[in-house]
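Pasting work-v2.cif here (mmCIF, C-alpha atoms and all ligand atoms):
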```cif
data_input
loop_
_atom_site.label_atom_id
_atom_site.label_comp_id
_atom_site.auth_asym_id
_atom_site.auth_seq_id
_atom_site.Cartn_x
_atom_site.Cartn_y
_atom_site.Cartn_z
CA MET A 200 0.00 0.00 0.00
CA GLY A 201 0.91 3.62 -0.36
CA GLN A 202 1.95 3.75 3.26
CA GLN A 203 5.12 1.86 2.36
CA ASP A 204 5.88 4.13 -0.56
CA PRO A 205 5.75 7.85 0.24
CA HIS A 206 5.99 8.73 -3.45
CA VAL A 207 2.79 6.87 -4.23
CA GLU A 208 1.09 8.68 -1.36
CA ASP A 209 2.37 12.11 -2.32
CA LYS A 210 1.40 11.63 -5.93
CA ALA A 211 -2.04 10.36 -5.07
CA VAL A 212 -2.71 13.03 -2.51
CA GLU A 213 -1.49 15.86 -4.67
CA ASP A 214 -3.54 14.50 -7.57
CA GLY A 215 -6.58 14.52 -5.34
CA CYS A 216 -5.89 18.04 -4.15
CA ASP A 217 -5.49 19.21 -7.74
CA VAL A 218 -8.91 17.88 -8.56
CA LEU A 219 -10.58 19.67 -5.71
CA LEU A 220 -8.61 22.86 -6.01
CA GLY A 221 -8.94 22.96 -9.76
CA CYS A 222 -12.59 22.49 -9.25
CA MET A 223 -12.93 25.12 -6.57
CA SER A 224 -10.55 27.67 -8.01
CA LEU A 225 -12.38 30.87 -8.78
CA THR A 226 -9.61 32.11 -11.01
CA VAL A 227 -9.63 29.32 -13.60
CA ASP A 228 -10.75 29.79 -17.15
CA VAL A 229 -14.35 28.91 -16.62
CA THR A 230 -15.14 29.27 -20.28
CA ALA A 231 -13.34 25.99 -21.02
CA PRO A 232 -16.33 23.86 -21.98
CA GLN A 233 -14.42 20.59 -21.83
CA CYS A 234 -13.65 21.10 -18.15
CA ALA A 235 -14.83 18.02 -16.30
CA GLN A 236 -16.16 20.02 -13.41
CA THR A 237 -17.82 22.88 -15.28
CA LYS A 238 -21.06 22.47 -13.38
CA HIS A 239 -19.26 22.88 -10.06
CA TYR A 240 -17.36 25.94 -11.26
CA SER A 241 -20.57 27.70 -12.10
CA ILE A 242 -22.03 26.88 -8.70
CA LEU A 243 -18.98 28.39 -7.00
CA LEU A 244 -18.77 31.40 -9.25
CA SER A 245 -22.40 32.21 -8.74
CA GLY A 246 -21.54 33.04 -5.13
CA GLU A 247 -24.49 30.91 -4.06
CA PRO A 248 -24.04 28.75 -0.97
CA PHE A 249 -23.30 25.17 -1.94
CA ASP A 250 -23.14 21.70 -0.45
CA PRO A 251 -19.41 20.81 -0.29
CA VAL A 252 -20.01 17.09 0.27
CA PRO A 253 -20.19 15.89 -3.38
CA LEU A 254 -16.95 17.72 -4.19
CA LEU A 255 -15.12 16.41 -1.14
CA ASN A 256 -16.38 12.85 -1.67
CA SER A 257 -15.34 12.88 -5.31
CA ALA A 258 -11.89 14.35 -4.70
CA VAL A 259 -11.10 11.99 -1.83
CA ALA A 260 -12.47 8.93 -3.65
CA ASN A 261 -10.31 9.81 -6.63
CA ILE A 262 -7.19 9.40 -4.48
CA ILE A 263 -8.25 5.82 -3.74
CA CYS A 264 -9.12 5.40 -7.45
CA GLN A 265 -5.61 6.53 -8.37
CA ILE A 266 -4.10 3.93 -6.03
CA VAL A 267 -6.47 1.04 -6.77
CA ILE A 268 -7.36 1.43 -10.46
CA GLY A 269 -4.53 3.73 -11.56
CA ARG A 270 -6.62 6.68 -12.72
CA ARG A 271 -9.06 9.30 -11.59
CA LEU A 272 -12.67 9.27 -12.68
CA ASP A 273 -14.59 12.18 -14.13
CA TYR A 274 -16.94 13.69 -11.54
CA ARG A 275 -19.77 13.41 -14.07
CA ASP A 276 -19.19 9.71 -14.76
CA PRO A 277 -22.45 8.01 -13.65
CA ASN A 278 -20.53 4.89 -12.57
CA PHE A 279 -18.34 7.05 -10.31
CA GLN A 280 -21.32 8.84 -8.80
CA ARG A 281 -23.10 5.51 -8.25
CA LEU A 282 -19.99 4.16 -6.51
CA LEU A 283 -19.91 7.18 -4.18
CA GLN A 284 -23.59 6.86 -3.42
CA ASN A 285 -23.19 3.15 -2.66
CA LEU A 286 -20.26 3.83 -0.31
CA THR A 287 -22.10 6.60 1.56
CA GLU A 288 -25.22 4.50 2.00
CA MET A 289 -23.22 1.46 3.14
CA ALA A 290 -21.28 3.50 5.70
CA TYR A 291 -24.58 4.72 7.14
CA LEU A 292 -26.55 1.47 7.02
CA GLU A 293 -23.76 -0.71 8.42
CA GLY A 294 -23.89 1.22 11.69
CA SER A 295 -27.65 1.72 11.78
CA ILE A 296 -30.35 -0.03 13.77
CA TRP A 297 -31.20 -1.99 10.60
CA ALA A 298 -27.80 -3.69 10.59
CA LEU A 299 -28.16 -4.47 14.29
CA LEU A 300 -31.58 -6.03 13.71
CA TYR A 301 -30.18 -8.05 10.82
CA GLU A 302 -27.28 -9.27 12.98
CA ALA A 303 -29.66 -10.25 15.77
CA PHE A 304 -32.38 -11.92 13.65
CA PRO A 305 -30.82 -12.78 10.28
CA ASP A 306 -33.37 -15.45 9.30
CA LEU A 307 -36.28 -13.13 9.94
CA MET A 308 -34.75 -9.94 8.54
CA ARG A 309 -33.71 -11.73 5.34
CA ARG A 310 -37.38 -12.20 4.57
CA LEU A 311 -38.52 -8.69 5.46
CA PRO A 312 -38.40 -5.59 3.28
CA GLY A 313 -36.48 -2.60 4.67
CA PRO A 314 -33.32 -0.52 4.27
CA HIS A 315 -31.09 -3.39 5.52
CA ASN A 316 -31.54 -5.01 2.09
CA ASN A 317 -29.78 -2.01 0.55
CA ILE A 318 -26.53 -3.01 2.30
CA PHE A 319 -26.44 -6.05 0.01
CA SER A 320 -27.55 -4.26 -3.16
CA ASN A 321 -24.96 -1.52 -2.55
CA LEU A 322 -22.30 -4.14 -1.94
CA LYS A 323 -23.21 -5.90 -5.19
CA SER A 324 -23.04 -2.68 -7.13
CA VAL A 325 -19.55 -1.81 -5.78
CA GLU A 326 -18.44 -5.38 -6.43
CA THR A 327 -19.62 -5.13 -10.05
CA PHE A 328 -17.63 -1.91 -10.48
CA ILE A 329 -14.48 -3.54 -9.06
CA ARG A 330 -14.86 -6.78 -11.05
CA ARG A 331 -15.21 -4.78 -14.28
CA GLU A 332 -11.99 -2.93 -13.46
CA ILE A 333 -10.18 -6.20 -12.71
CA GLU A 334 -11.27 -7.69 -16.04
CA GLU A 335 -10.06 -4.57 -17.90
CA HIS A 336 -6.75 -4.68 -16.04
CA LYS A 337 -6.20 -8.29 -17.07
CA LEU A 338 -6.43 -7.36 -20.75
CA ASP A 339 -3.17 -5.41 -20.77
CA LEU A 340 -1.47 -6.54 -17.57
CA ASP A 341 2.31 -6.33 -17.60
CA PRO A 342 3.37 -8.05 -14.34
CA SER A 343 6.84 -6.50 -14.51
CA ASN A 344 5.37 -3.00 -14.65
CA PRO A 345 2.36 -2.78 -12.32
CA ARG A 346 0.35 0.43 -12.70
CA ASP A 347 -1.68 0.23 -9.51
CA TYR A 348 -2.94 -1.97 -6.66
CA ILE A 349 -4.98 -4.26 -8.92
CA ASP A 350 -1.99 -4.88 -11.23
CA SER A 351 0.29 -5.55 -8.25
CA PHE A 352 -2.18 -8.01 -6.76
CA LEU A 353 -2.71 -9.81 -10.09
CA ALA A 354 1.06 -10.08 -10.57
CA GLU A 355 1.38 -11.64 -7.08
CA GLU A 356 -1.51 -13.96 -7.91
CA ASN A 357 0.46 -15.21 -10.94
CA HIS A 358 3.52 -15.87 -8.74
CA ASN A 359 1.66 -17.49 -5.90
CA ARG A 360 -0.89 -19.61 -7.73
CA GLY A 361 -2.00 -22.53 -5.58
CA SER A 362 -0.30 -21.23 -2.43
CA GLU A 363 -2.32 -20.33 0.64
CA GLN A 364 -1.31 -16.69 0.80
CA GLY A 365 -4.70 -15.33 -0.21
CA PHE A 366 -3.74 -14.01 -3.64
CA GLU A 367 -6.96 -14.99 -5.35
CA GLU A 368 -9.56 -12.95 -7.14
CA ALA A 369 -12.32 -13.09 -4.53
CA ASN A 370 -9.85 -11.65 -2.04
CA LEU A 371 -8.73 -8.95 -4.48
CA VAL A 372 -12.34 -7.80 -4.83
CA LEU A 373 -12.76 -7.61 -1.06
CA CYS A 374 -9.42 -5.81 -0.56
CA CYS A 375 -10.39 -3.19 -3.16
CA LEU A 376 -13.79 -2.85 -1.50
CA ASP A 377 -12.07 -2.37 1.88
CA LEU A 378 -9.84 0.37 0.46
CA PHE A 379 -12.78 2.21 -1.10
CA LEU A 380 -14.98 1.87 1.98
CA ALA A 381 -12.34 2.64 4.59
CA GLY A 382 -10.48 5.27 2.58
CA THR A 383 -13.24 7.46 1.20
CA GLU A 384 -15.99 8.18 3.71
CA THR A 385 -13.58 8.61 6.61
CA THR A 386 -11.37 11.28 5.09
CA SER A 387 -14.22 13.11 3.39
CA LYS A 388 -16.22 13.29 6.62
CA THR A 389 -13.22 14.58 8.55
CA LEU A 390 -12.87 17.35 5.95
CA GLN A 391 -16.58 18.12 6.29
CA TRP A 392 -16.26 18.42 10.09
CA GLY A 393 -13.19 20.59 9.52
CA LEU A 394 -15.16 23.09 7.45
CA ILE A 395 -17.89 23.15 10.08
CA TYR A 396 -15.52 23.75 13.00
CA LEU A 397 -13.53 26.42 11.15
CA ILE A 398 -16.69 28.24 10.09
CA LYS A 399 -17.94 28.13 13.68
CA ASN A 400 -14.57 29.42 14.93
CA PRO A 401 -13.61 32.17 12.45
CA HIS A 402 -10.70 33.40 14.63
CA ILE A 403 -9.14 29.92 14.36
CA GLN A 404 -9.66 29.97 10.59
CA ASP A 405 -7.87 33.38 10.54
CA ASP A 406 -4.97 32.03 12.60
CA VAL A 407 -4.53 29.00 10.29
CA GLN A 408 -4.52 31.32 7.28
CA ALA A 409 -1.95 33.59 8.94
CA GLU A 410 0.33 30.56 9.44
CA ILE A 411 -0.20 29.41 5.85
CA ASP A 412 0.67 32.89 4.54
CA ARG A 413 3.80 33.01 6.70
CA VAL A 414 5.12 29.53 5.90
CA ILE A 415 3.82 28.77 2.39
CA GLY A 416 2.66 32.08 0.97
CA GLN A 417 0.23 32.41 -1.90
CA THR A 418 2.39 31.46 -4.87
CA ARG A 419 2.98 27.72 -4.44
CA GLN A 420 0.98 24.69 -3.32
CA PRO A 421 1.50 23.27 0.16
CA THR A 422 3.65 20.14 0.43
CA MET A 423 4.24 17.67 3.24
CA ALA A 424 7.59 19.34 3.93
CA ASP A 425 5.61 22.32 5.27
CA ARG A 426 3.87 20.39 8.02
CA PRO A 427 6.72 20.42 10.59
CA ASN A 428 6.77 24.23 10.29
CA MET A 429 3.02 24.56 10.80
CA SER A 430 2.34 23.51 14.38
CA TYR A 431 -0.84 25.54 14.67
CA THR A 432 -2.44 24.08 11.51
CA ASP A 433 -1.38 20.59 12.59
CA ALA A 434 -2.95 21.15 16.02
CA VAL A 435 -6.19 22.39 14.43
CA ILE A 436 -6.39 19.29 12.21
CA HIS A 437 -5.83 17.02 15.22
CA GLU A 438 -8.56 18.85 17.13
CA ILE A 439 -10.92 18.48 14.15
CA GLN A 440 -10.28 14.74 14.20
CA ARG A 441 -10.83 14.58 17.97
CA MET A 442 -14.09 16.51 17.96
CA GLY A 443 -15.21 15.03 14.62
CA ASN A 444 -14.90 11.56 16.18
CA ILE A 445 -15.84 9.98 12.89
CA VAL A 446 -15.48 6.30 13.87
CA PRO A 447 -17.07 6.44 17.32
CA LEU A 448 -17.22 2.68 17.94
CA ASN A 449 -14.19 1.61 15.91
CA GLY A 450 -14.66 -1.62 13.94
CA PRO A 451 -15.95 -4.81 15.55
CA ARG A 452 -13.15 -7.21 16.45
CA VAL A 453 -12.87 -10.67 18.00
CA ALA A 454 -10.31 -11.65 20.67
CA ALA A 455 -7.85 -14.01 18.95
CA LYS A 456 -6.77 -15.54 22.29
CA ASP A 457 -7.62 -15.35 26.00
CA THR A 458 -6.60 -11.87 27.06
CA THR A 459 -6.46 -9.87 30.27
CA LEU A 460 -6.89 -6.15 29.84
CA GLY A 461 -6.56 -4.15 33.07
CA SER A 462 -8.86 -5.99 35.46
CA TYR A 463 -10.96 -7.56 32.70
CA PHE A 464 -10.62 -11.08 31.39
CA ILE A 465 -11.66 -11.37 27.71
CA PRO A 466 -12.01 -15.02 26.60
CA LYS A 467 -10.90 -16.03 23.12
CA GLY A 468 -13.72 -15.52 20.59
CA THR A 469 -15.39 -12.60 22.42
CA SER A 470 -16.64 -9.78 20.18
CA VAL A 471 -15.02 -6.50 21.15
CA MET A 472 -16.05 -2.99 20.12
CA PRO A 473 -13.50 -0.48 21.42
CA ASN A 474 -15.28 2.77 22.24
CA LEU A 475 -13.05 5.47 20.71
CA THR A 476 -15.45 8.22 21.84
CA SER A 477 -14.63 7.46 25.48
CA VAL A 478 -10.94 8.12 24.78
CA LEU A 479 -11.33 11.18 22.55
CA PHE A 480 -13.57 12.89 25.14
CA ASP A 481 -11.99 11.47 28.30
CA LYS A 482 -12.32 14.11 31.04
CA THR A 483 -9.12 12.92 32.70
CA GLU A 484 -7.10 13.35 29.50
CA TRP A 485 -8.34 16.57 27.89
CA GLU A 486 -8.38 20.03 29.47
CA THR A 487 -11.64 21.04 27.75
CA PRO A 488 -13.00 17.75 26.35
CA ASP A 489 -16.25 19.14 24.92
CA THR A 490 -14.86 22.35 23.44
CA PHE A 491 -13.07 22.79 20.12
CA ASN A 492 -9.65 23.81 21.39
CA PRO A 493 -6.48 23.39 19.26
CA LYS A 494 -4.41 24.18 22.39
CA HIS A 495 -4.92 20.52 23.34
CA PHE A 496 -2.10 19.86 20.87
CA LEU A 497 0.18 22.84 21.59
CA ASP A 498 2.75 23.39 24.34
CA ALA A 499 3.32 26.71 26.07
CA GLY A 500 5.75 27.71 23.31
CA GLY A 501 3.18 27.01 20.56
CA ARG A 502 4.91 23.82 19.43
CA PHE A 503 2.86 20.79 18.35
CA VAL A 504 2.56 18.04 20.98
CA ARG A 505 1.29 14.51 20.49
CA ARG A 506 -1.31 13.28 22.96
CA GLU A 507 -1.60 9.64 23.94
CA ALA A 508 -5.40 9.85 24.04
CA PHE A 509 -5.57 10.99 20.42
CA ALA A 510 -6.88 7.74 18.94
CA PRO A 511 -9.18 8.41 15.95
CA PHE A 512 -7.24 5.76 14.00
CA SER A 513 -7.57 3.29 16.89
CA ALA A 514 -4.50 1.49 18.31
CA GLY A 515 -2.58 -1.75 18.19
CA LYS A 516 -1.84 -4.17 15.38
CA ARG A 517 -5.18 -3.69 13.63
CA ALA A 518 -5.19 0.12 13.79
CA CYS A 519 -6.08 1.99 10.60
CA LEU A 520 -3.97 0.81 7.70
CA GLY A 521 -4.37 4.13 5.92
CA GLU A 522 -3.35 6.44 8.78
CA GLY A 523 -0.27 7.79 6.99
CA LEU A 524 -2.20 8.44 3.81
CA ALA A 525 -5.15 9.97 5.67
CA ARG A 526 -2.91 12.34 7.64
CA MET A 527 -1.28 13.53 4.41
CA GLU A 528 -4.61 14.02 2.73
CA LEU A 529 -5.98 16.01 5.66
CA PHE A 530 -2.95 18.30 5.83
CA LEU A 531 -2.75 18.93 2.07
CA PHE A 532 -6.48 19.44 1.63
CA PHE A 533 -6.86 21.81 4.59
CA ALA A 534 -3.75 23.82 3.85
CA SER A 535 -4.64 24.10 0.15
CA LEU A 536 -8.26 25.05 0.74
CA LEU A 537 -7.51 27.65 3.41
CA GLN A 538 -4.66 29.07 1.35
CA ARG A 539 -7.17 29.95 -1.37
CA PHE A 540 -10.52 30.44 0.36
CA CYS A 541 -12.32 31.88 3.35
CA PHE A 542 -15.24 29.71 4.37
CA SER A 543 -18.46 30.91 5.93
CA THR A 544 -22.06 29.82 6.14
CA VAL A 545 -25.36 31.28 5.13
CA ASP A 546 -26.24 34.35 7.24
CA GLY A 547 -28.22 33.43 10.29
CA VAL A 548 -27.61 29.67 9.94
CA GLU A 549 -25.92 27.95 12.87
CA LEU A 550 -24.05 24.82 11.72
CA ARG A 551 -24.78 21.76 13.84
CA THR A 552 -22.02 19.79 15.55
CA GLU A 553 -24.10 16.78 16.52
CA GLY A 554 -23.82 14.09 13.86
CA ILE A 555 -25.81 11.32 12.21
CA THR A 556 -24.33 8.11 13.56
CA GLY A 557 -23.85 5.10 11.30
CA ALA A 558 -20.57 3.20 11.06
CA THR A 559 -19.15 6.74 10.77
CA ARG A 560 -20.39 10.00 12.31
CA THR A 561 -21.69 12.26 9.55
CA PRO A 562 -22.54 15.97 9.71
CA TYR A 563 -26.15 16.95 9.02
CA PRO A 564 -26.46 18.41 5.50
CA PHE A 565 -25.01 21.92 5.39
CA LYS A 566 -24.17 24.66 2.90
CA ILE A 567 -21.18 26.98 2.78
CA HIS A 568 -19.83 30.02 0.97
CA ALA A 569 -16.26 29.85 -0.35
CA LYS A 570 -14.82 33.33 -0.93
CA ALA A 571 -11.52 33.58 -2.81
CA ARG A 572 -8.81 35.20 -0.66
C1 LIG A 601 -9.42 10.43 8.73
C2 LIG A 601 -9.39 9.32 8.10
C3 LIG A 601 -9.46 7.94 8.70
C4 LIG A 601 -9.84 7.52 9.96
C5 LIG A 601 -10.26 8.37 11.14
C6 LIG A 601 -9.73 6.08 9.99
C7 LIG A 601 -10.02 5.28 11.08
C8 LIG A 601 -9.97 3.91 11.08
C9 LIG A 601 -10.33 3.08 12.20
C10 LIG A 601 -10.77 3.59 13.56
C11 LIG A 601 -10.18 1.79 11.82
C12 LIG A 601 -10.45 0.54 12.66
C13 LIG A 601 -9.19 0.06 13.31
C14 LIG A 601 -9.41 -1.04 14.31
O1 LIG A 601 -10.34 -1.83 14.16
O2 LIG A 601 -8.67 -1.11 15.29
C15 LIG A 601 -9.72 1.79 10.45
C16 LIG A 601 -9.43 0.66 9.70
C17 LIG A 601 -8.98 0.69 8.40
N1 LIG A 601 -8.66 1.79 7.67
FE1 LIG A 601 -8.89 3.71 8.23
N2 LIG A 601 -9.31 5.64 8.76
C18 LIG A 601 -9.13 6.74 7.95
C19 LIG A 601 -8.69 6.76 6.65
C20 LIG A 601 -8.30 5.65 5.94
C21 LIG A 601 -7.73 5.69 4.62
C22 LIG A 601 -7.45 6.95 3.78
C23 LIG A 601 -7.49 4.42 4.26
C24 LIG A 601 -6.85 4.03 2.96
C25 LIG A 601 -7.02 3.25 2.19
C26 LIG A 601 -7.92 3.56 5.35
C27 LIG A 601 -7.85 2.17 5.37
C28 LIG A 601 -8.25 1.38 6.42
C29 LIG A 601 -8.29 -0.08 6.37
C30 LIG A 601 -7.93 -0.93 5.16
C31 LIG A 601 -8.74 -0.50 7.62
C32 LIG A 601 -8.97 -1.93 8.07
C33 LIG A 601 -7.76 -2.44 8.76
C34 LIG A 601 -7.96 -3.85 9.23
O3 LIG A 601 -8.98 -4.47 8.96
O4 LIG A 601 -7.08 -4.33 9.92
N3 LIG A 601 -8.38 4.35 6.36
N4 LIG A 601 -9.59 3.10 10.03
#
```

In structure tokens, write the structure found in this file.
Ligand code: HEM
Amino acid sequence: MGQQDPHVEDKAVEDGCDVLLGCMSLTVDVTAPQCAQTKHYSILLSGEPFDPVPLLNSAVANIICQIVIGRRLDYRDPNFQRLLQNLTEMAYLEGSIWALLYEAFPDLMRRLPGPHNNIFSNLKSVETFIRREIEEHKLDLDPSNPRDYIDSFLAEENHNRGSEQGFEEANLVLCCLDLFLAGTETTSKTLQWGLIYLIKNPHIQDDVQAEIDRVIGQTRQPTMADRPNMSYTDAVIHEIQRMGNIVPLNGPRVAAKDTTLGSYFIPKGTSVMPNLTSVLFDKTEWETPDTFNPKHFLDAGGRFVRREAFAPFSAGKRACLGEGLARMELFLFFASLLQRFCFSTVDGVELRTEGITGATRTPYPFKIHAKAR
């Protein structure tokens, strides 16, 4: 995965940022009719408030597309939009009461109509998209020159045929699905919470922009080399992740062996759902647990400090596989967006910070203004 190859990550992340920034830039030549995102340009140029979610979803998903299928998709491609819709609905339904009812009474729920059935139809639709990509990849596969994750997996499959290492097509489909599911909704929702918290705290937005102007300026794009010099922005992003709390109940796990954790004995085979919310809002760990406060991540001299209770990516061997990639995406997206735009909301509208809880915690629908700086 990209995490082992920083160049892949940088390329993918910068590609993704280009898409979003190109799309949001108010200074581009909007008369270019062939521009893939013309519709979005006109929304932004009209000065009307807009829903940022489709743009953020598309840009973030395109980073995973670049890694998995080796290219970005056009925002207007109906297959791409269907994929995004499937992923969003799955992320909601998988953590909803419908999934719980299905888990508890599978024989009954299988026979009943209801939204739980959409988990399976969405899954099928994403699977069809991935299988089509795999078939197309096979047509011109050059195992000595893999273009992306699918090529790399297929090349390994050729080497390891018959072995028990898991390099088989059914597993490839599920791995791609995992990357799309885990790598799209999470980052996009964190960016959505980021816009909400910065709009609600305009002085913090101003301070981030002041740091961007001082360290990066207005003439070049941010790069990862800037992050160590931008403690304040880094602290704000960490605080967005803490308050955003986008995976409140982590993923369900099963104890692989008898385990003692503190004073608890957890027998092998027990289902475990680590409650990340309890750590991110722990009153004994955070000075102001319920308030958006970037100082949680700054020392007295204004330098960035890590906090042990910062666990949005979970912990241990099965912690988020995409943490490195996600942290790059968040930094590059936020720095790039705030370098170019001031964000605000519709006059008189108070953005909500309570979320809709599914497998991830999603903001209620909201609209923003993006004003070029
Ligand atoms: C802000 C963004 C993200 C957050 C907060 C996040 C959080 C998490 C969490 C809490 C888990 C569960 C870990 C556990 O069960 O202990 C997880 C798993 C995972 N994440 Fe992320 N994630 C993010 C972005 C990404 C990205 C960009 C990718 C890239 C592809 C990714 C790939 C994965 C995968 C593959 C797993 C499953 C790991 C496994 O089953 O062992 N995540 N993530």

>> Show me which residues are within 6 Å of ligand LIG 601 (chain A) counting only C-alpha atoms and all ligand atoms, and format the list as a ChimeraX atom specification.
In response: /A:377-378,381-382,385-386,389,446,449-450,511-514,517-522,524-525

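The coordinates place CA of Glu355 in chain A at 28.1 Å from CA of Glu528 in chain A.
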
> Distance CA of Met308 in chain A-CA of Pro473 in chain A, one decimal place?
Replying inline: 26.6 Å

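In this structure, CA of Gln420 in chain A sits 22.8 Å away from CA of Thr383 in chain A.
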
>> Could you list, as a list of chain:residue names, every residue within 9 Å of Gln284 in chain A, counting all atoms listed in the file and ignoring same-chain residues fewer than 5 positions away?
In response: A:Phe279, A:Met289, A:Asn321

>> Show me, as a PyMOL selection string, the residues that have an atom within 12 Å of Asn285 in chain A when counting all atoms listed in the file, minus same-chain residues fewer than 5 positions from it.
In response: chain A and resi 256+278-280+290-293+317-328+376+379-380+383-384

How would the residues just picked look written out with C-alpha atoms as a PDB file, in the frame of the given file?
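Once written, part.pdb looks like this:
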```
ATOM      1  CA  ASN A 256     -16.380  12.850  -1.670  1.00  0.00           C
ATOM      2  CA  ASN A 278     -20.530   4.890 -12.570  1.00  0.00           C
ATOM      3  CA  PHE A 279     -18.340   7.050 -10.310  1.00  0.00           C
ATOM      4  CA  GLN A 280     -21.320   8.840  -8.800  1.00  0.00           C
ATOM      5  CA  ALA A 290     -21.280   3.500   5.700  1.00  0.00           C
ATOM      6  CA  TYR A 291     -24.580   4.720   7.140  1.00  0.00           C
ATOM      7  CA  LEU A 292     -26.550   1.470   7.020  1.00  0.00           C
ATOM      8  CA  GLU A 293     -23.760  -0.710   8.420  1.00  0.00           C
ATOM      9  CA  ASN A 317     -29.780  -2.010   0.550  1.00  0.00           C
ATOM     10  CA  ILE A 318     -26.530  -3.010   2.300  1.00  0.00           C
ATOM     11  CA  PHE A 319     -26.440  -6.050   0.010  1.00  0.00           C
ATOM     12  CA  SER A 320     -27.550  -4.260  -3.160  1.00  0.00           C
ATOM     13  CA  ASN A 321     -24.960  -1.520  -2.550  1.00  0.00           C
ATOM     14  CA  LEU A 322     -22.300  -4.140  -1.940  1.00  0.00           C
ATOM     15  CA  LYS A 323     -23.210  -5.900  -5.190  1.00  0.00           C
ATOM     16  CA  SER A 324     -23.040  -2.680  -7.130  1.00  0.00           C
ATOM     17  CA  VAL A 325     -19.550  -1.810  -5.780  1.00  0.00           C
ATOM     18  CA  GLU A 326     -18.440  -5.380  -6.430  1.00  0.00           C
ATOM     19  CA  THR A 327     -19.620  -5.130 -10.050  1.00  0.00           C
ATOM     20  CA  PHE A 328     -17.630  -1.910 -10.480  1.00  0.00           C
ATOM     21  CA  LEU A 376     -13.790  -2.850  -1.500  1.00  0.00           C
ATOM     22  CA  PHE A 379     -12.780   2.210  -1.100  1.00  0.00           C
ATOM     23  CA  LEU A 380     -14.980   1.870   1.980  1.00  0.00           C
ATOM     24  CA  THR A 383     -13.240   7.460   1.200  1.00  0.00           C
ATOM     25  CA  GLU A 384     -15.990   8.180   3.710  1.00  0.00           C
TER      26      GLU A 384
END
```

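Excluding range 536-548 of chain A itself and any same-chain residue fewer than 2 positions from it, the protein and nucleic acid residues within 7 Å of it, counting only C-alpha atoms, are Pro248, Ile398, Gln408, Ile411, Gln417, Phe532, Phe533, Ala534, Leu550, Lys566, Ile567, His568, Ala569, Lys570, Ala571 and Arg572 of chain A.
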
> range 344-350 of chain A: which residues within 9 Å, counting only C-alpha atoms, same-chain residues fewer than 3 positions away excluded, as a VMD selection string?
Replying inline: chain A and resid 200 265 to 270 332 to 333 336 to 337 340 to 341 353 to 355 371 375

For Lys456 in chain A: contacts at 9 Å, all atoms listed in the file, fewer than 3 positions along chain excluded, given as a PDB file with C-alpha atoms, in the coordinates of the input:
```
ATOM      1  CA  VAL A 453     -12.870 -10.670  18.000  1.00  0.00           C
ATOM      2  CA  ILE A 465     -11.660 -11.370  27.710  1.00  0.00           C
ATOM      3  CA  PRO A 466     -12.010 -15.020  26.600  1.00  0.00           C
ATOM      4  CA  LYS A 467     -10.900 -16.030  23.120  1.00  0.00           C
ATOM      5  CA  GLY A 468     -13.720 -15.520  20.590  1.00  0.00           C
TER       6      GLY A 468
END
```

>> Using all atoms listed in the file for the distances, tell me which of A:Arg560, A:Lys494, A:Arg419, A:Leu460 is nearest to Gly443 in chain A.
In response: A:Arg560
